[in-house]
$ cat input-v3.csv   # CSV, C-alpha atoms
chain,number,residue,atom,x,y,z
A,6,MET,CA,-26.1,0.3,0.0
A,7,THR,CA,-25.8,0.0,-3.7
A,8,ASN,CA,-22.9,0.4,-6.1
A,9,ASP,CA,-24.9,3.1,-7.9
A,10,ASN,CA,-24.9,5.2,-4.8
A,11,LEU,CA,-21.1,5.0,-4.6
A,12,THR,CA,-20.0,5.5,-8.1
A,13,ALA,CA,-21.2,9.1,-8.1
A,14,ILE,CA,-18.3,10.1,-5.8
A,15,ASP,CA,-16.0,11.6,-8.4
A,16,ASN,CA,-12.9,13.1,-6.8
A,17,LEU,CA,-12.2,12.0,-3.3
A,18,ILE,CA,-8.8,10.9,-2.2
A,19,ILE,CA,-9.0,7.8,0.0
A,20,ALA,CA,-5.9,6.9,2.0
A,21,ILE,CA,-5.5,3.4,3.5
A,22,ASP,CA,-2.6,2.9,5.9
A,23,GLY,CA,-1.5,0.1,8.2
A,24,PRO,CA,1.1,-2.6,8.8
A,25,SER,CA,2.2,-5.3,6.4
A,26,GLY,CA,-0.4,-8.1,5.9
A,27,ALA,CA,-3.4,-6.1,7.2
A,28,GLY,CA,-5.2,-6.5,3.9
A,29,LYS,CA,-4.5,-3.1,2.5
A,30,SER,CA,-3.6,-4.2,-1.1
A,31,THR,CA,-6.6,-6.5,-1.4
A,32,LEU,CA,-9.1,-4.0,0.0
A,33,SER,CA,-7.7,-1.0,-1.9
A,34,LYS,CA,-8.3,-2.9,-5.1
A,35,LEU,CA,-11.8,-3.9,-4.1
A,36,LEU,CA,-12.7,-0.5,-2.9
A,37,ALA,CA,-11.4,1.2,-6.0
A,38,LYS,CA,-13.4,-1.2,-8.1
A,39,ARG,CA,-16.6,-0.6,-6.3
A,40,LEU,CA,-16.1,3.2,-6.5
A,41,SER,CA,-14.8,3.1,-10.1
A,42,TYR,CA,-11.7,4.8,-8.8
A,43,THR,CA,-8.0,4.3,-9.7
A,44,ASN,CA,-6.1,2.1,-7.3
A,45,ILE,CA,-2.5,3.2,-6.5
A,46,ASN,CA,-0.5,0.6,-4.6
A,47,THR,CA,2.2,2.7,-3.0
A,48,GLY,CA,3.7,-0.4,-1.3
A,49,ALA,CA,4.2,-2.0,-4.7
A,50,MET,CA,6.0,1.2,-5.8
A,51,PHE,CA,8.5,0.9,-2.9
A,52,ARG,CA,8.9,-2.8,-3.5
A,53,THR,CA,9.7,-2.1,-7.1
A,54,VAL,CA,12.4,0.5,-6.1
A,55,ALA,CA,13.8,-2.2,-3.7
A,56,LEU,CA,13.9,-4.7,-6.6
A,57,ALA,CA,15.7,-2.2,-8.8
A,58,ILE,CA,18.2,-1.3,-6.1
A,59,ASP,CA,18.9,-5.0,-5.4
A,60,ARG,CA,19.4,-5.7,-9.1
A,61,ALA,CA,21.7,-2.8,-9.5
A,62,GLY,CA,23.8,-3.8,-6.5
A,63,ILE,CA,23.6,-0.3,-5.0
A,64,GLU,CA,24.5,0.1,-1.3
A,65,LEU,CA,21.7,1.6,0.7
A,66,SER,CA,24.2,4.2,2.0
A,67,ASP,CA,24.8,5.5,-1.5
A,68,ASP,CA,22.1,8.3,-1.7
A,69,ALA,CA,23.5,9.8,-4.9
A,70,ALA,CA,23.3,6.5,-6.8
A,71,ILE,CA,19.8,5.7,-5.4
A,72,GLU,CA,18.5,9.2,-6.3
A,73,GLN,CA,19.9,8.8,-9.8
A,74,LEU,CA,18.3,5.4,-10.1
A,75,CYS,CA,14.9,6.7,-8.9
A,76,GLN,CA,15.0,9.4,-11.5
A,77,GLN,CA,15.4,6.8,-14.2
A,78,LEU,CA,12.7,4.4,-13.1
A,79,HIS,CA,9.4,4.2,-14.9
A,80,ILE,CA,6.9,2.6,-12.5
A,81,TYR,CA,3.3,2.3,-13.4
A,82,PHE,CA,0.2,0.1,-13.0
A,83,LYS,CA,-1.9,-1.7,-15.6
A,84,LYS,CA,-5.1,-3.6,-15.7
A,85,ASP,CA,-5.1,-6.6,-18.0
A,86,ALA,CA,-6.2,-10.3,-18.1
A,87,GLU,CA,-4.1,-10.9,-15.0
A,88,GLY,CA,-5.8,-8.2,-13.1
A,89,GLU,CA,-3.9,-5.2,-11.7
A,90,THR,CA,-0.2,-5.5,-12.5
A,91,VAL,CA,2.9,-3.5,-11.5
A,92,TRP,CA,5.4,-2.6,-14.2
A,93,LEU,CA,9.0,-1.5,-14.2
A,94,GLY,CA,9.6,-0.2,-17.7
A,95,ASN,CA,8.5,-3.0,-20.0
A,96,GLU,CA,8.7,-5.7,-17.3
A,97,ASN,CA,5.8,-7.0,-15.3
A,98,VAL,CA,7.3,-7.3,-11.8
A,99,SER,CA,4.1,-8.1,-9.9
A,100,GLN,CA,5.3,-11.5,-8.7
A,101,LEU,CA,9.0,-10.6,-8.3
A,102,ILE,CA,8.4,-7.8,-5.8
A,103,HIS,CA,6.6,-10.1,-3.3
A,104,GLY,CA,9.5,-12.5,-2.5
A,105,SER,CA,10.7,-12.7,1.0
A,106,LYS,CA,14.1,-11.1,0.2
A,107,ILE,CA,12.5,-8.0,-1.5
A,108,SER,CA,9.8,-7.8,1.3
A,109,MET,CA,12.5,-7.4,4.0
A,110,LEU,CA,14.6,-5.1,1.8
A,111,THR,CA,11.6,-2.9,1.2
A,112,SER,CA,11.3,-1.9,4.8
A,113,ARG,CA,14.9,-0.5,4.7
A,114,VAL,CA,14.5,1.1,1.3
A,115,SER,CA,11.2,2.8,2.1
A,116,ALA,CA,12.9,4.4,5.1
A,117,LEU,CA,15.4,6.2,2.9
A,118,PRO,CA,14.6,10.0,2.6
A,119,VAL,CA,15.8,10.1,-1.0
A,120,VAL,CA,13.4,7.2,-2.0
A,121,ARG,CA,10.5,8.6,0.0
A,122,LYS,CA,10.9,12.0,-1.7
A,123,ALA,CA,11.0,10.5,-5.2
A,124,MET,CA,7.9,8.3,-4.5
A,125,LEU,CA,6.0,11.0,-2.7
A,126,ASP,CA,6.3,13.3,-5.8
A,127,LEU,CA,5.2,10.4,-8.0
A,128,GLN,CA,2.3,9.5,-5.8
A,129,ARG,CA,1.0,13.1,-5.6
A,130,GLU,CA,1.3,13.4,-9.4
A,131,MET,CA,-0.7,10.2,-9.9
A,132,ALA,CA,-3.4,11.4,-7.5
A,133,ALA,CA,-3.5,15.0,-8.5
A,134,HIS,CA,-7.1,14.9,-9.8
A,135,GLY,CA,-8.6,12.7,-7.1
A,136,GLY,CA,-10.8,9.7,-7.7
A,137,VAL,CA,-8.1,7.5,-6.2
A,138,VAL,CA,-7.5,4.9,-3.5
A,139,LEU,CA,-3.9,4.9,-2.2
A,140,GLU,CA,-2.5,2.4,0.3
A,141,GLY,CA,0.7,2.3,2.1
A,142,ARG,CA,2.3,3.2,5.5
A,143,ASP,CA,2.0,7.0,5.6
A,144,ILE,CA,-0.5,8.1,3.0
A,145,GLY,CA,-2.9,9.7,5.4
A,146,SER,CA,-0.3,11.1,7.7
A,147,VAL,CA,2.4,12.4,5.3
A,148,VAL,CA,1.6,12.0,1.6
A,149,PHE,CA,-2.0,13.2,1.7
A,150,PRO,CA,-2.7,14.7,5.1
A,151,ASP,CA,-5.8,16.4,3.7
A,152,ALA,CA,-7.3,13.2,2.1
A,153,GLN,CA,-11.1,13.3,2.6
A,154,VAL,CA,-11.2,9.7,3.7
A,155,LYS,CA,-8.6,7.9,5.8
A,156,PHE,CA,-8.4,4.3,7.0
A,157,PHE,CA,-5.9,2.5,9.2
A,158,LEU,CA,-6.2,-1.2,8.8
A,159,CYS,CA,-4.6,-3.5,11.4
A,160,ALA,CA,-4.6,-7.1,12.6
A,161,SER,CA,-2.6,-9.2,15.1
A,162,ALA,CA,0.8,-10.3,14.0
A,163,PRO,CA,0.0,-14.0,14.1
A,164,ALA,CA,-3.1,-13.4,11.9
A,165,ARG,CA,-1.1,-11.3,9.4
A,166,GLY,CA,1.7,-13.9,9.4
A,167,LEU,CA,-0.7,-16.7,8.6
A,168,ARG,CA,-2.2,-14.7,5.7
A,169,ARG,CA,1.3,-14.1,4.3
A,170,HIS,CA,2.2,-17.8,4.8
A,171,GLU,CA,-1.0,-18.9,2.9
A,172,GLU,CA,-0.3,-16.4,0.2
A,173,LEU,CA,3.2,-17.7,-0.4
A,174,ILE,CA,2.0,-21.4,-0.4
A,175,HIS,CA,-0.7,-20.5,-2.8
A,176,ARG,CA,1.9,-19.0,-5.2
A,177,GLY,CA,3.9,-22.3,-4.9
A,178,GLU,CA,6.7,-20.8,-2.7
A,179,TYR,CA,8.1,-22.4,0.4
A,180,SER,CA,7.1,-20.8,3.6
A,181,ASP,CA,7.6,-21.7,7.3
A,182,LEU,CA,4.7,-20.3,9.3
A,183,ALA,CA,6.8,-19.5,12.4
A,184,GLN,CA,9.4,-17.8,10.4
A,185,THR,CA,6.8,-15.8,8.4
A,186,VAL,CA,5.2,-14.5,11.6
A,187,ALA,CA,8.6,-13.5,12.9
A,188,GLU,CA,9.3,-11.6,9.6
A,189,VAL,CA,6.0,-9.8,10.0
A,190,GLN,CA,7.0,-8.8,13.5
A,191,GLN,CA,10.4,-7.7,12.3
A,192,ARG,CA,8.8,-5.6,9.6
A,193,ASP,CA,6.5,-4.0,12.2
A,194,GLU,CA,9.5,-3.1,14.4
A,195,ALA,CA,11.2,-1.5,11.4
A,196,ASP,CA,8.2,0.3,10.1
A,197,TYR,CA,7.0,1.7,13.5
A,198,ASN,CA,10.5,2.8,14.6
A,199,ARG,CA,12.2,4.1,11.5
A,200,GLU,CA,13.5,7.7,11.7
A,201,HIS,CA,11.8,9.0,8.6
A,202,ALA,CA,8.0,8.8,8.1
A,203,PRO,CA,7.3,5.9,10.6
A,204,LEU,CA,4.1,4.0,10.4
A,205,LYS,CA,1.5,5.7,12.5
A,206,GLN,CA,-2.3,6.2,12.5
A,207,ALA,CA,-3.4,9.6,11.4
A,208,ALA,CA,-5.5,11.3,14.0
A,209,ASP,CA,-8.6,11.5,11.8
A,210,ALA,CA,-8.2,8.0,10.3
A,211,VAL,CA,-10.9,5.3,10.9
A,212,ALA,CA,-9.3,2.3,12.4
A,213,ILE,CA,-10.5,-1.2,11.4
A,214,ASP,CA,-9.1,-4.3,13.1
A,215,SER,CA,-9.4,-7.1,10.5
A,216,THR,CA,-8.1,-9.9,12.8
A,217,SER,CA,-11.5,-11.6,13.1
A,218,MET,CA,-13.2,-10.0,10.0
A,219,SER,CA,-13.6,-11.3,6.5
A,220,ILE,CA,-12.5,-9.2,3.5
A,221,ASP,CA,-16.2,-8.7,2.6
A,222,GLN,CA,-17.0,-7.4,6.1
A,223,VAL,CA,-14.1,-5.0,6.1
A,224,LEU,CA,-15.1,-3.8,2.6
A,225,GLU,CA,-18.7,-3.1,3.6
A,226,GLN,CA,-17.5,-1.1,6.6
A,227,MET,CA,-15.2,0.9,4.4
A,228,LEU,CA,-18.0,1.6,1.9
A,229,LEU,CA,-20.2,2.8,4.7
A,230,VAL,CA,-17.5,5.3,5.9
A,231,VAL,CA,-17.0,6.5,2.3
A,232,ALA,CA,-20.8,7.0,1.8
A,233,GLN,CA,-20.9,9.0,5.0
A,234,SER,CA,-18.0,11.1,3.9
A,235,ARG,CA,-19.7,11.7,0.6
A,236,GLN,CA,-22.8,13.1,2.3
A,237,LYS,CA,-20.6,15.3,4.5
A,238,TYR,CA,-18.9,16.9,1.5
A,239,GLN,CA,-22.1,17.3,-0.5
A,240,GLN,CA,-23.6,19.2,2.4
A,241,SER,CA,-20.6,21.4,3.0
$ encode --input "input-v3.csv" --output "structure tokens"
Amino acid sequence: MTNDNLTAIDNLIIAIDGPSGAGKSTLSKLLAKRLSYTNINTGAMFRTVALAIDRAGIELSDDAAIEQLCQQLHIYFKKDAEGETVWLGNENVSQLIHGSKISMLTSRVSALPVVRKAMLDLQREMAAHGGVVLEGRDIGSVVFPDAQVKFFLCASAPARGLRRHEELIHRGEYSDLAQTVAEVQQRDEADYNREHAPLKQAADAVAIDSTSMSIDQVLEQMLLVVAQSRQKYQQS
């Protein structure tokens, strides 16, 4: 399969869902690059909202204040020398949103209906013309139920915890492996059991378990599915 065969796909919406640490962010970036698509990291959007709420000292029970804050936030993505970065207004928050405190807060913030409504509207606006790869928790099941290609990436909690641990160490942050695995499991519990838009696999999503697979292996499998979908839509 060649890159030339894939870059001709112009307007598909590709949804990638799955639990924390399954490789969604990395693979959505790689897939978007191979397809010459725009990558929209919805998880980073929720993390940015969580950071803003934490900074503002707003209680999570204060829907009115959170709604007002969401209306004022300017969240967007940029590609520069650092790669793909996440911005809140004029501030690059790419590193700040991945600390342990914000990671745990994000699970609670992303369950708030007022936040989900604001981010859903923004995500649909960003992807209105297709040619995008979006990753998150409910992209294929809620945000874009009619997406032409859907993936559900998963991996065992110990494997995901180890990846998270290594990521934190690589960034120079302290991390205890056992605690990090426990946090992954807590995040799973919160994501799968939250009242609003819980994490679940869309019925028509292609499931890929990356526990024993390399990033390159998962990417090639995803590219194959996209190519097959492309043929399907060309024939229809």
$ residues_around --input "input-v3.csv" --residues "Ile220 in chain A" --least-positions-apart "6" --cutoff "12 Å" --atoms "all atoms listed in the file" --output "list in words"
Ala27, Gly28, Lys29, Ser30, Thr31, Leu32, Ser33, Lys34, Leu35, Leu36, Leu158, Arg168, Ile213, Asp214, Gln226 and Met227 of chain A
$ atom_distance --input "input-v3.csv" --atom1 "CA of Gly94 in chain A" --atom2 "CA of Met50 in chain A"
12.5 Å
$ closest_residue --input "input-v3.csv" --among "A:Leu139, A:Ala187, A:Leu65, A:Ala202" --to "Leu17 in chain A" --atoms "all atoms listed in the file"
A:Leu139
$ atom_distance --input "input-v3.csv" --atom1 "CA of Ile71 in chain A" --atom2 "CA of Ala49 in chain A"
17.4 Å
$ closest_residue --input "input-v3.csv" --among "A:Asp59, A:Ile144, A:Val114, A:Arg52" --to "Arg129 in chain A" --atoms "all atoms listed in the file"
A:Ile144
$ closest_residue --input "input-v3.csv" --among "A:Ile21, A:Ala116, A:Val154, A:Leu125" --to "Tyr197 in chain A" --atoms "only C-alpha atoms"
A:Ala116
$ atom_distance --input "input-v3.csv" --atom1 "CA of Gly135 in chain A" --atom2 "CA of Arg235 in chain A"
13.5 Å
$ closest_residue --input "input-v3.csv" --among "A:Met218, A:Ile80, A:Val211, A:Leu56" --to "Lys155 in chain A" --atoms "all atoms listed in the file"
A:Val211
$ residues_around --input "input-v3.csv" --residues "Thr90 in chain A" --least-positions-apart "5" --cutoff "6 Å" --atoms "all atoms listed in the file" --output "list of chain:residue names"
A:Phe82, A:Lys83, A:Ser99
